Amino acid sequence: MVTTLGETTLARARRVARSVPDPELPMLTIADLGILREVAIAGTRVVVSVTPTFSGCPAIAEIRADLAGRLAAAGFADVEVRTVLSPPWTSDFISPEGRRKLTEAGIAPPRSRSEVAAGPVPLTLTAAGPRLECPVCGSADTVRTAAFGGTACKDLYRCRACFEPFEHVKEI
Amino acid sequence: MGFDTAYEAISEESDSGHRWAFGTGFTDPLAGVDTAVPAGIDGADLAAYCLMLGDDALILSHRLQQWLARAPELEEETALANIALDLLGQARLLLTRAGRADGSDRTEDDYAFDRTEREFRNVRMAEVTDVDFAGLIARLLVFSTWRLALLGRLRESADPVLAAVAAQGVNELTYHRDYAAGWTIRLGDGTDYSRQRMQAGLAAVAPLAAELFVPSAVEQRLAGVAVNPEDLRPEWDAVLAQVLAAAGLDWPEAGWPEAAGGSGGSSPRGGTVGKAGRDGVHTEAMGYLLAELQSVARALPEATW
């Protein structure tokens with residue numbers, strides 16, 4: 001437990017907000033996932049800005065509630081959670097710490113996205129998906145089995161060396 | 001916090017942050033976003049445009065949801081559900097934006113559940129039914145290629161909310177289009193029978209493609225805010241040609257959208273006296289879709305969940 005001696009109100013609010021787990025990737029906090037944009041104090045109110053991972057992300061309602069609940073338990077009665085749409089979240093916002101935690105949990109982290117050009121989005125016609133390192137055995141002999149997984153942010157892979165199926169957070 | 005019955009939980013009034021089930025207690029998807037209409041933009045036109053793009057997403061999302069428990073494989077079902085969820089998310093943002101832009105403060109639910117068929121502004125391609133999985137894939141390929149081209153340009157919109165919704169949507173549509181293109185190639189380049197079904201799917205969707213590129217009066221008035229759909233043709237043509245060539249398929253004879261002219265050309269599935277989805281004139285399929293989409297909300301008008 002981090003000592004709270006001498007901690008400013010803002011630092012405390014920030015620490016509590018940063019500890020909120022993502023409901024769909026509970027091994028990550030919302031800070032690891034990069035969706036916590038800002039924590040600010042306005043008078044007696046804590047204003048937390050979060051950004052959804054996907055337009056239809058159903059977890060955002062859970063995150064809002066969890067933020068308000070944890071901050072209330074820490075003594076912040078007046079909490080406002082704001083949605084920030086711009087710039088949109090991309091998988092590049094996942095912190096190095098977040099990537100380490102994903103791998104530990106058997107989920108392949110996203111690779112860095114190639115620089116997104118302003119013009120038309122090029123078509124990708126390869127069904128196999130990018131080659132990833134298996135989070136279980138480390139082999140690079142992996143293949144994508146489905147482009148959409150159990151949550152919007154993941155797809156499904158299989159390792160051809162150790163035969164384990166695993167999830168991968170998409171580059172988006 | 002505990003409740004004896006689900007009803008007690010669902011009918012609880014206070015916003016304590018605890019809900020009776022995951023995903024309930026949806027809040028305003030634009031909470032905290034500055035939704036002021038920038039100077040020089042007509043709020044009513046902006047709202048009408050948001051409804052067009054929002055209705056496209058809402059109605060196709062509903063059609064995709066109807067595939068759940070009917071898709072050929074579990075992986076495809078998961079894919080279709082994910083695509084439906086992305087589109088529903090875009091619809092929620094756009095319908096909410098519409099209610100803020102025209103000052104009416106109507107909510108996403110007001111728009112989704114309380115409008116009649118003639119008030120919906122989606123293109124008819126979003127609402128039709130699919131004969132089979134190949135038909136769905138053909139529609140998804142044509143629609144997502146078009147919408148990705150549209151949202152790509154909308155990132156430069158003079159309305160910052162539309163620009164932000166578009167920027168997020170581009171990432172999502174990229175996956176939708178790749179998915180549809182992958183299956184088009186798999187079926188088109190598969191057996192004789194799968195090729196025949198895929199070609200039939202294209203034939204079914206082709207007459208509805210012309211409407212995608214006809215600008216409405218609202219889009220013409222909103223230069224700089226809206227995208228002129230006429231500008232989307234080169235990108236759409238190039239992507240379709242690339243996918244169809246890889247799949248060994250042909251775009252149906254005489255089925256290329258006309259460069260100019262009425263909303264639906266002379267096809268029997270064309271628009272009615274020059275009017276189509278953007279004018280609120282829909283196909284027979286639309287009434288059945290709305291009857292299902294709105295049935296619970298109309299039976300229990302004050303219910304919340």
# chains A, B, ... in the order shown; residues from 1 in each chain; ligands from 1
>>> residues_around(residues="Trp89 of chain A", least_positions_apart="6", cutoff="10 Å", atoms="only C-alpha atoms", output="list in words")
Leu33, Gly34, Ile35, Arg37, Val50, Thr51, Pro52, Thr53, Phe54, Ser55 and Ile172 of chain A; Ala167, Gln168 and Asn171 of chain B
>>> interface_residues(of="chain B", to="chain A", cutoff="7 Å", atoms="only C-alpha atoms", output="number ranges by chain")
B: 17-18, 23, 26-27, 30-33, 75, 78-79, 82, 85-86, 88-90, 149, 152, 164, 167-168, 171, 178, 181-182
>>> select_by_dssp(residues="segment 63-179 of chain B", states="alpha helix (DSSP H)", output="PyMOL selection string")
chain B and resi 63-65+74-101+108-114+133-154+160-179
>>> residues_around(residues="Asp32 of chain A", least_positions_apart="4", cutoff="6 Å", atoms="only C-alpha atoms", output="PDB file with N, CA, C and O atoms, in the first residue's frame")
ATOM      1  N   LEU A  28      -5.603  -5.543 -16.131  1.00  0.00           N
ATOM      2  CA  LEU A  28      -5.126  -4.185 -16.423  1.00  0.00           C
ATOM      3  C   LEU A  28      -5.959  -3.164 -15.654  1.00  0.00           C
ATOM      4  O   LEU A  28      -7.170  -3.323 -15.520  1.00  0.00           O
ATOM      5  N   ILE A  94      -1.766   1.567 -24.747  1.00  0.00           N
ATOM      6  CA  ILE A  94      -1.509   0.580 -23.685  1.00  0.00           C
ATOM      7  C   ILE A  94      -0.057   0.735 -23.226  1.00  0.00           C
ATOM      8  O   ILE A  94       0.862   0.734 -24.048  1.00  0.00           O
ATOM      9  N   SER A  95       0.135   0.891 -21.915  1.00  0.00           N
ATOM     10  CA  SER A  95       1.471   1.189 -21.377  1.00  0.00           C
ATOM     11  C   SER A  95       2.365  -0.049 -21.446  1.00  0.00           C
ATOM     12  O   SER A  95       1.880  -1.176 -21.560  1.00  0.00           O
ATOM     13  N   GLY A  98       1.265  -2.365 -18.966  1.00  0.00           N
ATOM     14  CA  GLY A  98       0.055  -3.058 -19.412  1.00  0.00           C
ATOM     15  C   GLY A  98       0.380  -4.213 -20.353  1.00  0.00           C
ATOM     16  O   GLY A  98      -0.197  -5.299 -20.255  1.00  0.00           O
TER      17      GLY A  98
END
